[in-house]
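Some notes on the structure that comes next.
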Amino acid sequence: MAHFTKANSVYEWLDQRLALTKLWKVLAAEYWIPKNINFLWAMGVVLMTMFTILVISGIFLLMYYKPDTKLAFDSVNYTIMQEVWFGWLWRHMHAVAASVVFLVIYIHMFTGIYYASYKRGREMIWISGMLLFVTFSAEAFSGYMLPWGQMSYWAAQVITNLFGGIPFIGDDLVIWIRGNFYVSDPTLTRFFMLHVFLLPIIIMMLIGFHFYTLRIPHVNNQDGEEIDFDAEAEKYKAGLKRESKVIPFWPVFLSKDFFVLSVFMIFYFYLVFYHYEFAMDPINFDPANPMKTPPHIYPEWYFLWSYEVLRGFFFNVGPLSAMDMGLIAFGIANIIFFFLPWFDKDPTVAPADRRGGFFFWFWLMVIDMIVLTIWGKLPPTGINAYIGYLAAVGFLALWAALPAITGERRKLFWFVVIVTALLYIFGFMEYTKAMGNGFIITATFLIFYLLFFLSPVMVKERERGAQ
Amino acid sequence: MNKELKILAIIIILVGITYWGIEPYAHSKMHPHHEPATFKYEDLKPLPLKGDAKRGAQAIQNNGCTGCHSIKAAGIPAPMDPVSASASYGVNPPDLSNIAALIDKKFLANFIKHPVKAFKLEHKFGANRPFPMPDFFGSDQDLADIVAYLESIAKPQEPRGAFETACGRCHNLRYDKWTVIGPKPKFKNEVEKADFELKKAKYEANLKKYLGTTPPDLSMFIRSRGPEYIRDFVENPQKLLHGTAMPRVGLTEKATEEVIKHLEHVGDRKKEKREKLGPWVLAYFVILSILAYLWKEKIWKELH
Ligand code: HEM
């Protein structure tokens with residue numbers, strides 16, 4: 001047993017029992033971060049803050065919200081927005097934070113992709129981050145249902161319906177999720193439970209896990225340089241702050257984050273007060289009406305890209321309907337980012353601009369996702385249907401080509417390009433109705449998916465060169 | 001530093017493009033452009049004659065208007081309670097005391113002469129489904145006199161009155177305790193409450209039979225549609241919702257603004273507070289950013 005002596009202060013008393021000094025050192029004062037970083041490395045702290053805002057504002061909303069289809073709409077739009085002291089502020093903060101948090105998540109993700117922070121020991125950071133993305137998505141989807149407006153209802157209707165596409169169990173699964181044959185009171189109550197209890201708890205645990213995964217491989221830096229953290233930390237502690245390549249989490253790293261965060265808060269509160277429509281869609285201020293289908297049904301902006309992957313397939317292929325084709329692609333799109341570390345066959349950790357073909361891959365992916373996002377909201381009529389198809393197939397094609405690009409397999413790369421081009425041509429012929437869904441299209445899609453699934457397995461990781 | 005600004009610029013551009021695509025651009029595609037309201041009612045002809053209010057007071061009685069409408073300002077009571085009126089006509093005919101303060105003069109004359117045409121509801125009412133208010137068969141002089149009379153008694157309306165007279169017979173406004181049969185009173189007991197609810201339900205059922213659809217409660221329409229849409233919709237519902245049962249009620253521009261003001265007050269009660277608090281919160285974070293920047297500079301100075 002440890003030896004306890006009489007403490008001379010409250011802090012000392014606590015320190016003897018809880019090792020506060022040591023804990024603080026381990027967590028902050030001697031938790032080392034590379035010096036060579038830019039403001040993109042502050043996004044994690046911004047995310048943590050946004051989540052805290054969501055929890056606090058959510059607790060205030062929870063005190064007045066009523067999870068009942070008859071009461072939900074008015075409890076939000078009348079009680080909270082009009083009667084409760086500053087209820088409107090909590091609601092605006094909650095809704096805008098829920099939307100903006102995804103903007104920051106996407107920036108955070110693409111920062112990780114750009115600087116290759118998902119490989120060579122950092123795979124678990126990447127995976128825990130993706131788990132956070134998925135649970136956040138579920139959290140946002142369940143939250144969007146709660147005010148029981150028109151889009152709450154119809155988005156829930158459409159999205160839960162998607163599970164019906166799963167072979168054999170689909171129809172039963174949809175009923176099981178909804179708790180009824182259609183979206184109704186039991187659906188609202190169970191999504192309420194998910195939104196305010198189960199998912200927030202899972203998110204909190206995942207955030208803890210995400211932070212833990214950072215400890216062994218450490219945070220990456222702007223050059224992908226491998227740093228000897230112990231040696232550099234010794235330098236820093238010896239007072240060679242200028243020479244050392246690392247900085248402590250507190251106060252050095254956080255002082256910068258705090259500045260970035262403050263500036264971000266100006267942007268955030270500007271949205272809360274003056275520009276909230278994008279996060280609180282006007283159509284959701286119409287109460288849910290199962291008898292009246294809105295002319296345009298679309299999800300929140302952060303789901304638009306995957307929604308467009310779903311909608312992009314507008315024609316039947318062989319035995320598969322357009323809907324089946326869309327669902328397959330949609331299913332892939334939702335989990336594919338988990339596998340990024342294994343689609344990338346290049347062992348170097350360096351920013352994309354020093355990685356040849358990957359640089360173009362990165363920007364094509366960004367552009368493709370922006371196109372998907374925008375066309376996910378536009379009505380899928382006329383040429384928009386074909387543009388959506390181009391972007392959806394393009395999304396899959398980029399993944400199919402990634403092993404070839406990073407593994408430097410030229411022939412394989414051109415093969416993927418040619419198959420994709422064929423799919424584009426056939427798609428155009430389908431669009432102009434110049435061709436029915438024949439054997440050729442089916443075979444091309446088959447080859448395309450074979451390339452997609454086999455390349456990451458067959459292409460070998462390149463030799464590790466000197467970094 | 002330079003590099004960080006470059007990164008920031010790239011992010012701002014990409015976010016800007018995405019925002020433009022999913023908000024202004026997508027919405028312009030989803031809601032096709034329409035001409036904004038002019039409140040000129042150009043399809044209607046102006047009144048040919050000048051009216052006399054004194055003769056109008058008589059003419060309005062002679063032409064049977066008060067058989068359906070009350071004119072409380074002149075001490076003429078409603079012939080029926082709202083529920084019975086709705087059973088006969090589908091909807092409770094509005095009190096005419098202040099109607100001329102809200103309705104455009106040219107519209108009013110045309111409406112009295114030929115209601116269905118002015119309402120733009122020819123697709124709903126015709127020979128085999130007569131409109132409850134009959135066409136006017138009196139002389140043009142009588143018509144001009146009636147309009148002059150209605151103008152002479154009308155008092156300017158504040159926002160709530162404008163809404164209740166112009167829209168209140170069809171639309172509930174539950175966040176303002178307004179129902180289609182009048183303001184919701186304080187009930188002394190359950191019987192009174194049940195009685196009121198029954199009357200309201202009966203009225204709404206009649207209204208639905210009359211219009212073919214239940215007019216929505218407008219409490220949150222200021223947030224769900226916004227002021228521009230409501231303004232343009234009221235001036236000409238058919239332009240925005242082709243084939244709708246909502247009549248063109250012929251409000252003047254000013255009366256429409258009053259109605260919108262009321263809807264704003266009811267549906268977005270905290271707007272003023274929001275706009276007042278906003279600058280303080282922003283100023284707080286601007287100052288915080290400056291202080292945070294100075295703190296960061298102080299700490300990072302030792303590192304480079
Ligand atoms: C973790 C991240 C969270 C996200 C992304 C999120 C997202 C959302 C969204 C999109 C809405 C609908 C917004 C609106 O239309 O007003 C909502 C509503 C709500 N949220 Fe959350 N939320 C989160 C956390 C929480 C937490 C932790 C709680 C409480 C413990 C909570 C409680 C509520 C309540 C009661 C509502 C309904 C009131 C309303 O719709 O304004 N939320 N949430």
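Chain identifiers are assigned as A, B, and so on, following the order in which chains appear in the structure tokens; residues are numbered from 1 within each chain, and ligands are numbered from 1 in order of appearance.
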Chain A residues near ligand 1 within 7 Å, closest pair each, using only C-alpha atoms and all ligand atoms, as CSV:
```
residue,atom,partner,partner_atom_place_in_ligand_line,distance
A:Phe51,CA,ligand 1,1 (C),5.7
A:Leu54,CA,ligand 1,24 (C),4.8
A:Val55,CA,ligand 1,27 (C),3.8
A:Gly58,CA,ligand 1,31 (C),3.6
A:Ile59,CA,ligand 1,29 (C),4.5
A:Leu61,CA,ligand 1,35 (C),4.6
A:Leu62,CA,ligand 1,35 (C),3.9
A:Tyr65,CA,ligand 1,35 (C),5.4
A:Val76,CA,ligand 1,38 (C),5.8
A:Arg91,CA,ligand 1,41 (O),4.9
A:His92,CA,ligand 1,16 (O),6.9
A:His94,CA,ligand 1,43 (N),6.3
A:Ala95,CA,ligand 1,13 (C),4.2
A:Ala98,CA,ligand 1,5 (C),4.1
A:Ser99,CA,ligand 1,10 (C),6.7
A:Phe136,CA,ligand 1,5 (C),5.6
A:Glu139,CA,ligand 1,5 (C),5.3
A:Ala140,CA,ligand 1,7 (C),4.1
A:Phe141,CA,ligand 1,10 (C),6.6
A:Gly143,CA,ligand 1,17 (C),3.7
A:Tyr144,CA,ligand 1,12 (C),3.9
A:Met145,CA,ligand 1,12 (C),6.8
A:Leu146,CA,ligand 1,37 (C),5.1
A:Pro147,CA,ligand 1,40 (O),4.4
A:His195,CA,ligand 1,42 (N),6.2
A:Val196,CA,ligand 1,30 (C),4.2
A:Phe197,CA,ligand 1,30 (C),6.4
A:Pro200,CA,ligand 1,27 (C),5.2
A:Ile203,CA,ligand 1,1 (C),6.9
A:Met280,CA,ligand 1,15 (O),5.5
```
For the residues selected in the previous step, produce a file with N, CA, C and O atoms as a short mmCIF file (atom, residue, chain, number, x, y, z; two decimals), in the first residue's frame.
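To be explicit, this is the file written out as part_17.cif:
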```
data_model
loop_
_atom_site.label_atom_id
_atom_site.label_comp_id
_atom_site.auth_asym_id
_atom_site.auth_seq_id
_atom_site.Cartn_x
_atom_site.Cartn_y
_atom_site.Cartn_z
N PHE A 51 -19.55 19.03 -30.06
CA PHE A 51 -20.29 17.94 -29.42
C PHE A 51 -20.75 18.37 -28.02
O PHE A 51 -21.88 18.09 -27.60
N LEU A 54 -23.68 20.44 -28.38
CA LEU A 54 -24.86 19.62 -28.69
C LEU A 54 -25.43 18.97 -27.44
O LEU A 54 -26.64 18.93 -27.24
N VAL A 55 -24.54 18.46 -26.59
CA VAL A 55 -25.02 17.78 -25.39
C VAL A 55 -25.70 18.79 -24.46
O VAL A 55 -26.82 18.57 -23.98
N GLY A 58 -28.81 20.12 -26.03
CA GLY A 58 -29.74 19.00 -26.09
C GLY A 58 -30.41 18.74 -24.75
O GLY A 58 -31.61 18.48 -24.68
N ILE A 59 -29.65 18.86 -23.66
CA ILE A 59 -30.24 18.63 -22.34
C ILE A 59 -31.33 19.66 -22.06
O ILE A 59 -32.41 19.33 -21.56
N LEU A 61 -33.15 21.22 -24.33
CA LEU A 61 -34.31 20.90 -25.17
C LEU A 61 -35.08 19.73 -24.58
O LEU A 61 -36.31 19.70 -24.59
N LEU A 62 -34.32 18.80 -24.06
CA LEU A 62 -34.92 17.57 -23.53
C LEU A 62 -35.89 17.84 -22.38
O LEU A 62 -36.82 17.08 -22.15
N TYR A 65 -39.10 18.83 -24.51
CA TYR A 65 -39.51 18.07 -25.69
C TYR A 65 -40.43 16.92 -25.30
O TYR A 65 -40.26 16.31 -24.24
N VAL A 76 -41.77 21.52 -29.69
CA VAL A 76 -40.57 22.16 -30.21
C VAL A 76 -40.88 23.58 -30.68
O VAL A 76 -40.24 24.55 -30.27
N ARG A 91 -32.44 25.90 -29.20
CA ARG A 91 -32.81 25.11 -30.38
C ARG A 91 -31.98 25.50 -31.59
O ARG A 91 -31.47 24.65 -32.30
N HIS A 92 -31.82 26.80 -31.81
CA HIS A 92 -30.99 27.24 -32.94
C HIS A 92 -29.57 26.72 -32.77
O HIS A 92 -28.95 26.27 -33.72
N HIS A 94 -28.57 24.11 -31.15
CA HIS A 94 -28.53 22.66 -31.33
C HIS A 94 -28.61 22.29 -32.82
O HIS A 94 -27.83 21.49 -33.31
N ALA A 95 -29.56 22.89 -33.51
CA ALA A 95 -29.76 22.52 -34.91
C ALA A 95 -28.58 22.96 -35.76
O ALA A 95 -28.10 22.21 -36.62
N ALA A 98 -25.58 20.78 -35.06
CA ALA A 98 -25.72 19.45 -35.65
C ALA A 98 -25.34 19.47 -37.12
O ALA A 98 -24.83 18.50 -37.66
N SER A 99 -25.58 20.59 -37.77
CA SER A 99 -25.26 20.69 -39.19
C SER A 99 -23.78 21.01 -39.40
O SER A 99 -23.09 20.37 -40.19
N PHE A 136 -22.42 9.40 -35.53
CA PHE A 136 -22.91 10.78 -35.65
C PHE A 136 -24.00 10.85 -36.70
O PHE A 136 -24.99 11.57 -36.54
N GLU A 139 -27.04 9.59 -35.21
CA GLU A 139 -27.50 10.57 -34.22
C GLU A 139 -28.25 11.71 -34.91
O GLU A 139 -29.32 12.15 -34.47
N ALA A 140 -27.68 12.19 -36.01
CA ALA A 140 -28.32 13.30 -36.72
C ALA A 140 -29.63 12.85 -37.36
O ALA A 140 -30.63 13.57 -37.32
N PHE A 141 -29.61 11.66 -37.92
CA PHE A 141 -30.83 11.16 -38.56
C PHE A 141 -31.95 11.01 -37.53
O PHE A 141 -33.09 11.42 -37.75
N GLY A 143 -32.18 12.55 -34.68
CA GLY A 143 -32.55 13.88 -34.17
C GLY A 143 -33.46 14.62 -35.12
O GLY A 143 -34.39 15.31 -34.71
N TYR A 144 -33.21 14.45 -36.41
CA TYR A 144 -33.99 15.17 -37.40
C TYR A 144 -35.44 14.72 -37.38
O TYR A 144 -36.33 15.45 -37.78
N MET A 145 -35.67 13.50 -36.89
CA MET A 145 -37.05 13.00 -36.83
C MET A 145 -37.84 13.67 -35.70
O MET A 145 -39.06 13.80 -35.76
N LEU A 146 -37.13 14.12 -34.66
CA LEU A 146 -37.82 14.52 -33.43
C LEU A 146 -38.83 15.66 -33.58
O LEU A 146 -39.90 15.59 -32.98
N PRO A 147 -38.55 16.73 -34.32
CA PRO A 147 -39.57 17.81 -34.38
C PRO A 147 -40.83 17.38 -35.12
O PRO A 147 -41.81 18.12 -35.12
N HIS A 195 -31.70 8.76 -29.88
CA HIS A 195 -31.09 10.07 -30.02
C HIS A 195 -30.60 10.66 -28.70
O HIS A 195 -29.57 11.30 -28.65
N VAL A 196 -31.35 10.45 -27.65
CA VAL A 196 -30.95 11.13 -26.39
C VAL A 196 -30.26 10.18 -25.42
O VAL A 196 -29.71 10.63 -24.43
N PHE A 197 -30.28 8.89 -25.69
CA PHE A 197 -29.61 8.00 -24.75
C PHE A 197 -28.53 7.15 -25.40
O PHE A 197 -27.34 7.39 -25.23
N PRO A 200 -25.80 8.98 -27.97
CA PRO A 200 -24.84 9.89 -27.31
C PRO A 200 -23.85 9.15 -26.42
O PRO A 200 -22.66 9.49 -26.38
N ILE A 203 -21.34 7.58 -28.63
CA ILE A 203 -20.44 8.61 -29.16
C ILE A 203 -19.40 9.00 -28.11
O ILE A 203 -18.20 9.09 -28.40
N MET A 280 -32.03 24.40 -40.50
CA MET A 280 -33.39 24.17 -40.04
C MET A 280 -34.27 24.39 -41.26
O MET A 280 -34.82 25.47 -41.45
#
```
Which residues of chain A have any atom within 6 Å of an atom in chain B when counting only C-alpha atoms, and what is the closest pair of atoms for each, with the distance in Å to one decimal? Order the rows by chain and rising number and write it as JSON lines.
```
{"residue": "A:Lys241", "atom": "CA", "partner": "B:Leu303", "partner_atom": "CA", "distance": 5.4}
{"residue": "A:Arg242", "atom": "CA", "partner": "B:Leu303", "partner_atom": "CA", "distance": 4.6}
{"residue": "A:Ser255", "atom": "CA", "partner": "B:Lys296", "partner_atom": "CA", "distance": 5.0}
{"residue": "A:Lys256", "atom": "CA", "partner": "B:Lys296", "partner_atom": "CA", "distance": 5.5}
{"residue": "A:Phe259", "atom": "CA", "partner": "B:Ala292", "partner_atom": "CA", "distance": 4.8}
{"residue": "A:Ser262", "atom": "CA", "partner": "B:Ser289", "partner_atom": "CA", "distance": 5.0}
{"residue": "A:Val263", "atom": "CA", "partner": "B:Ser289", "partner_atom": "CA", "distance": 5.7}
{"residue": "A:Ile266", "atom": "CA", "partner": "B:Phe285", "partner_atom": "CA", "distance": 5.7}
{"residue": "A:Phe273", "atom": "CA", "partner": "B:Gly278", "partner_atom": "CA", "distance": 5.7}
{"residue": "A:Pro282", "atom": "CA", "partner": "B:Ser224", "partner_atom": "CA", "distance": 4.2}
{"residue": "A:Ile283", "atom": "CA", "partner": "B:Ser224", "partner_atom": "CA", "distance": 5.2}
{"residue": "A:Phe285", "atom": "CA", "partner": "B:Ser224", "partner_atom": "CA", "distance": 4.9}
{"residue": "A:Ile374", "atom": "CA", "partner": "B:Gly21", "partner_atom": "CA", "distance": 5.2}
{"residue": "A:Leu378", "atom": "CA", "partner": "B:Ala26", "partner_atom": "CA", "distance": 5.3}
```
Keeping only N, CA and C atoms, write those residues as a PDB file, in the first residue's frame.
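After the write, again_11.pdb holds the following:
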```
ATOM      1  N   LYS A 241      13.468  24.651 -26.567  1.00  0.00           N
ATOM      2  CA  LYS A 241      12.148  24.686 -27.180  1.00  0.00           C
ATOM      3  C   LYS A 241      12.242  24.933 -28.678  1.00  0.00           C
ATOM      4  N   ARG A 242      13.178  25.779 -29.073  1.00  0.00           N
ATOM      5  CA  ARG A 242      13.295  26.090 -30.496  1.00  0.00           C
ATOM      6  C   ARG A 242      13.758  24.884 -31.298  1.00  0.00           C
ATOM      7  N   SER A 255      -3.263  26.548 -26.989  1.00  0.00           N
ATOM      8  CA  SER A 255      -3.320  28.007 -27.178  1.00  0.00           C
ATOM      9  C   SER A 255      -3.653  28.321 -28.630  1.00  0.00           C
ATOM     10  N   LYS A 256      -3.130  27.516 -29.535  1.00  0.00           N
ATOM     11  CA  LYS A 256      -3.440  27.737 -30.940  1.00  0.00           C
ATOM     12  C   LYS A 256      -4.875  27.284 -31.248  1.00  0.00           C
ATOM     13  N   PHE A 259      -7.448  29.760 -30.255  1.00  0.00           N
ATOM     14  CA  PHE A 259      -7.615  30.859 -31.206  1.00  0.00           C
ATOM     15  C   PHE A 259      -8.480  30.408 -32.387  1.00  0.00           C
ATOM     16  N   SER A 262     -12.040  30.119 -31.306  1.00  0.00           N
ATOM     17  CA  SER A 262     -12.729  31.394 -31.111  1.00  0.00           C
ATOM     18  C   SER A 262     -13.193  31.964 -32.444  1.00  0.00           C
ATOM     19  N   VAL A 263     -12.324  31.868 -33.453  1.00  0.00           N
ATOM     20  CA  VAL A 263     -12.713  32.376 -34.765  1.00  0.00           C
ATOM     21  C   VAL A 263     -13.869  31.541 -35.318  1.00  0.00           C
ATOM     22  N   ILE A 266     -17.189  32.618 -34.038  1.00  0.00           N
ATOM     23  CA  ILE A 266     -17.796  33.796 -34.678  1.00  0.00           C
ATOM     24  C   ILE A 266     -18.673  33.310 -35.839  1.00  0.00           C
ATOM     25  N   PHE A 273     -27.594  33.013 -35.385  1.00  0.00           N
ATOM     26  CA  PHE A 273     -28.476  34.171 -35.282  1.00  0.00           C
ATOM     27  C   PHE A 273     -29.048  34.620 -36.628  1.00  0.00           C
ATOM     28  N   PRO A 282     -36.850  25.090 -43.865  1.00  0.00           N
ATOM     29  CA  PRO A 282     -38.198  25.634 -43.714  1.00  0.00           C
ATOM     30  C   PRO A 282     -39.285  24.569 -43.855  1.00  0.00           C
ATOM     31  N   ILE A 283     -39.093  23.625 -44.750  1.00  0.00           N
ATOM     32  CA  ILE A 283     -40.161  22.635 -44.966  1.00  0.00           C
ATOM     33  C   ILE A 283     -40.445  21.830 -43.703  1.00  0.00           C
ATOM     34  N   PHE A 285     -40.865  23.013 -40.906  1.00  0.00           N
ATOM     35  CA  PHE A 285     -41.769  23.774 -40.048  1.00  0.00           C
ATOM     36  C   PHE A 285     -43.234  23.555 -40.452  1.00  0.00           C
ATOM     37  N   ILE A 374     -24.317  18.390 -54.540  1.00  0.00           N
ATOM     38  CA  ILE A 374     -25.197  19.362 -55.191  1.00  0.00           C
ATOM     39  C   ILE A 374     -26.293  18.642 -55.987  1.00  0.00           C
ATOM     40  N   LEU A 378     -30.668  18.529 -56.319  1.00  0.00           N
ATOM     41  CA  LEU A 378     -31.413  18.933 -57.520  1.00  0.00           C
ATOM     42  C   LEU A 378     -32.413  17.849 -57.903  1.00  0.00           C
TER      43      LEU A 378
END
```
Shell of 10 Å around Gly129 (chain A), only C-alpha atoms, local chain residues under 6 positions omitted, as a list of chain:residue names: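 Final neighbour list, sorted by chain and number: A:Ile105, A:His108, A:Met109, A:Tyr118, A:Glu123, A:Thr135, A:Leu206, A:Ile207, A:Phe209, A:His210, A:Phe211, A:Thr213, A:Phe338.
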Output file for the selection above: all heavy atoms, as a compact mmCIF listing (two decimals), in the first residue's frame:
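As written to disk, part.txt reads:
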```txt
# COMPACT_ATOMS: atom_id res chain seq x y z
N ILE A 105 -16.46 17.68 -39.52
CA ILE A 105 -16.07 16.26 -39.66
C ILE A 105 -15.48 16.03 -41.05
O ILE A 105 -14.44 15.38 -41.19
CB ILE A 105 -17.29 15.33 -39.44
CG1 ILE A 105 -17.65 15.30 -37.97
CG2 ILE A 105 -16.98 13.93 -39.93
CD1 ILE A 105 -18.86 14.43 -37.65
N HIS A 108 -12.05 17.51 -41.24
CA HIS A 108 -11.20 16.67 -40.42
C HIS A 108 -10.81 15.39 -41.17
O HIS A 108 -9.64 15.02 -41.24
CB HIS A 108 -12.04 16.33 -39.18
CG HIS A 108 -11.34 15.67 -38.05
ND1 HIS A 108 -10.28 16.23 -37.38
CD2 HIS A 108 -11.59 14.49 -37.42
CE1 HIS A 108 -9.92 15.42 -36.39
NE2 HIS A 108 -10.70 14.36 -36.40
N MET A 109 -11.78 14.74 -41.81
CA MET A 109 -11.55 13.51 -42.56
C MET A 109 -10.62 13.76 -43.73
O MET A 109 -9.67 13.00 -43.95
CB MET A 109 -12.87 13.00 -43.14
CG MET A 109 -13.56 11.94 -42.33
SD MET A 109 -15.14 11.56 -43.10
CE MET A 109 -14.63 10.41 -44.39
N TYR A 118 -3.73 7.91 -42.02
CA TYR A 118 -4.57 6.74 -41.75
C TYR A 118 -3.78 5.45 -41.87
O TYR A 118 -4.37 4.38 -41.87
CB TYR A 118 -5.76 6.72 -42.72
CG TYR A 118 -5.35 6.89 -44.17
CD1 TYR A 118 -4.91 5.80 -44.90
CD2 TYR A 118 -5.35 8.15 -44.76
CE1 TYR A 118 -4.50 5.96 -46.21
CE2 TYR A 118 -4.94 8.32 -46.07
CZ TYR A 118 -4.51 7.21 -46.79
OH TYR A 118 -4.09 7.37 -48.08
N GLU A 123 -3.91 3.23 -38.37
CA GLU A 123 -5.17 2.64 -38.87
C GLU A 123 -6.29 2.72 -37.83
O GLU A 123 -7.44 2.98 -38.17
CB GLU A 123 -4.96 1.18 -39.29
CG GLU A 123 -4.14 0.99 -40.54
CD GLU A 123 -2.65 0.98 -40.26
OE1 GLU A 123 -2.26 1.25 -39.10
OE2 GLU A 123 -1.87 0.72 -41.19
N THR A 135 -21.80 6.81 -36.25
CA THR A 135 -22.74 7.03 -35.14
C THR A 135 -23.26 8.46 -35.15
O THR A 135 -24.41 8.70 -34.82
CB THR A 135 -22.10 6.74 -33.76
OG1 THR A 135 -20.73 7.05 -33.82
CG2 THR A 135 -22.28 5.30 -33.36
N LEU A 206 -16.87 6.38 -27.90
CA LEU A 206 -16.03 6.36 -29.10
C LEU A 206 -15.05 7.53 -29.10
O LEU A 206 -13.91 7.38 -29.56
CB LEU A 206 -16.91 6.40 -30.35
CG LEU A 206 -17.56 5.08 -30.76
CD1 LEU A 206 -18.52 5.30 -31.90
CD2 LEU A 206 -16.49 4.05 -31.14
N ILE A 207 -15.49 8.67 -28.59
CA ILE A 207 -14.56 9.81 -28.54
C ILE A 207 -13.38 9.45 -27.63
O ILE A 207 -12.22 9.67 -27.97
CB ILE A 207 -15.28 11.08 -28.05
CG1 ILE A 207 -16.25 11.59 -29.12
CG2 ILE A 207 -14.26 12.18 -27.73
CD1 ILE A 207 -17.05 12.81 -28.72
N PHE A 209 -12.28 6.49 -27.04
CA PHE A 209 -11.48 5.51 -27.76
C PHE A 209 -10.62 6.17 -28.83
O PHE A 209 -9.44 5.86 -28.99
CB PHE A 209 -12.42 4.47 -28.38
CG PHE A 209 -11.72 3.39 -29.14
CD1 PHE A 209 -10.70 2.66 -28.55
CD2 PHE A 209 -12.08 3.09 -30.45
CE1 PHE A 209 -10.04 1.66 -29.25
CE2 PHE A 209 -11.42 2.09 -31.15
CZ PHE A 209 -10.40 1.38 -30.56
N HIS A 210 -11.22 7.10 -29.55
CA HIS A 210 -10.53 7.85 -30.61
C HIS A 210 -9.29 8.55 -30.02
O HIS A 210 -8.20 8.48 -30.59
CB HIS A 210 -11.51 8.87 -31.16
CG HIS A 210 -11.12 9.54 -32.44
ND1 HIS A 210 -10.83 8.86 -33.59
CD2 HIS A 210 -11.01 10.87 -32.76
CE1 HIS A 210 -10.55 9.73 -34.55
NE2 HIS A 210 -10.65 10.95 -34.07
N PHE A 211 -9.45 9.17 -28.87
CA PHE A 211 -8.32 9.87 -28.24
C PHE A 211 -7.26 8.86 -27.81
O PHE A 211 -6.07 9.11 -27.94
CB PHE A 211 -8.80 10.66 -27.01
CG PHE A 211 -9.57 11.90 -27.38
CD1 PHE A 211 -9.78 12.23 -28.70
CD2 PHE A 211 -10.07 12.75 -26.40
CE1 PHE A 211 -10.48 13.37 -29.05
CE2 PHE A 211 -10.77 13.89 -26.74
CZ PHE A 211 -10.99 14.21 -28.07
N THR A 213 -6.61 6.00 -29.23
CA THR A 213 -5.88 5.47 -30.38
C THR A 213 -4.77 6.41 -30.84
O THR A 213 -3.88 6.01 -31.57
CB THR A 213 -6.81 5.22 -31.59
OG1 THR A 213 -7.40 6.46 -31.98
CG2 THR A 213 -7.89 4.21 -31.27
N PHE A 338 -14.00 3.25 -44.43
CA PHE A 338 -13.34 2.42 -43.42
C PHE A 338 -12.10 1.73 -44.00
O PHE A 338 -11.13 1.51 -43.31
CB PHE A 338 -14.29 1.32 -42.93
CG PHE A 338 -15.20 1.74 -41.82
CD1 PHE A 338 -16.52 2.05 -42.07
CD2 PHE A 338 -14.72 1.80 -40.53
CE1 PHE A 338 -17.37 2.43 -41.04
CE2 PHE A 338 -15.57 2.19 -39.49
CZ PHE A 338 -16.89 2.50 -39.75
```
Shell around Lys35 (chain A) at 10 Å using only C-alpha atoms, local window under 3 positions removed, as a VMD selection string: (chain A and resid 32 38 221 to 222 242 244 to 248 252 to 253) or (chain B and resid 300 303 to 304)
8 Å contact set for Val116 (chain B), only C-alpha atoms, chain neighbours under 4 positions out, as a VMD selection string: chain B and resid 111 120 to 122 125 131
Go ahead and write the residues just picked, N, CA, C and O atoms, as a compact mmCIF listing (two decimals), in the first residue's frame.
```
# COMPACT_ATOMS: atom_id res chain seq x y z
N PHE B 111 -65.56 41.81 -57.06
CA PHE B 111 -65.94 40.63 -56.28
C PHE B 111 -67.45 40.60 -56.05
O PHE B 111 -68.10 39.59 -56.24
N LYS B 120 -61.01 33.81 -58.52
CA LYS B 120 -60.30 32.88 -59.40
C LYS B 120 -60.58 31.43 -59.02
O LYS B 120 -59.67 30.61 -58.90
N LEU B 121 -61.85 31.15 -58.81
CA LEU B 121 -62.22 29.78 -58.44
C LEU B 121 -63.18 29.17 -59.46
O LEU B 121 -63.96 28.29 -59.13
N GLU B 122 -63.07 29.61 -60.73
CA GLU B 122 -63.98 29.08 -61.75
C GLU B 122 -63.82 27.57 -61.91
O GLU B 122 -64.74 26.89 -62.36
N PHE B 125 -66.18 26.22 -58.91
CA PHE B 125 -67.60 26.55 -58.85
C PHE B 125 -68.11 26.93 -60.24
O PHE B 125 -67.37 27.53 -61.03
N PHE B 131 -71.63 28.91 -56.41
CA PHE B 131 -70.88 29.55 -55.33
C PHE B 131 -71.90 30.09 -54.31
O PHE B 131 -72.96 30.59 -54.70
```
DSSP-assigned alpha helix (DSSP H) members of region 260-460 of chain A, reported as a ChimeraX atom specification: /A:260-274,304-311,322-335,340-343,357-377,383-406,410-431,439-458
All residues 10 Å or closer to Val457 (chain A), only C-alpha atoms, same chain fewer than 5 positions away omitted, as an NGL selection string: :A and (342-343 or 403 or 451-452)
Coordinates-based distance that separates CA of Phe107 (chain B) from CA of His123 (chain B) (Å, one decimal): 19.3 Å
Which of region 57-203 of chain B fall in strand (DSSP E), as an NGL selection string: :B and (178-179 or 182-183)
Since we have the selection now, will you write its residues out, keeping C-alpha atoms, as an mmCIF file, in the first residue's frame?
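See result-v9.cif below for the written result:
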```
data_model
loop_
_atom_site.group_PDB
_atom_site.id
_atom_site.type_symbol
_atom_site.label_atom_id
_atom_site.label_comp_id
_atom_site.auth_asym_id
_atom_site.auth_seq_id
_atom_site.Cartn_x
_atom_site.Cartn_y
_atom_site.Cartn_z
ATOM 1 C CA TRP B 178 -57.406 31.726 -32.952
ATOM 2 C CA THR B 179 -59.883 29.235 -34.414
ATOM 3 C CA GLY B 182 -63.376 32.838 -33.335
ATOM 4 C CA PRO B 183 -60.882 33.301 -30.508
#
```
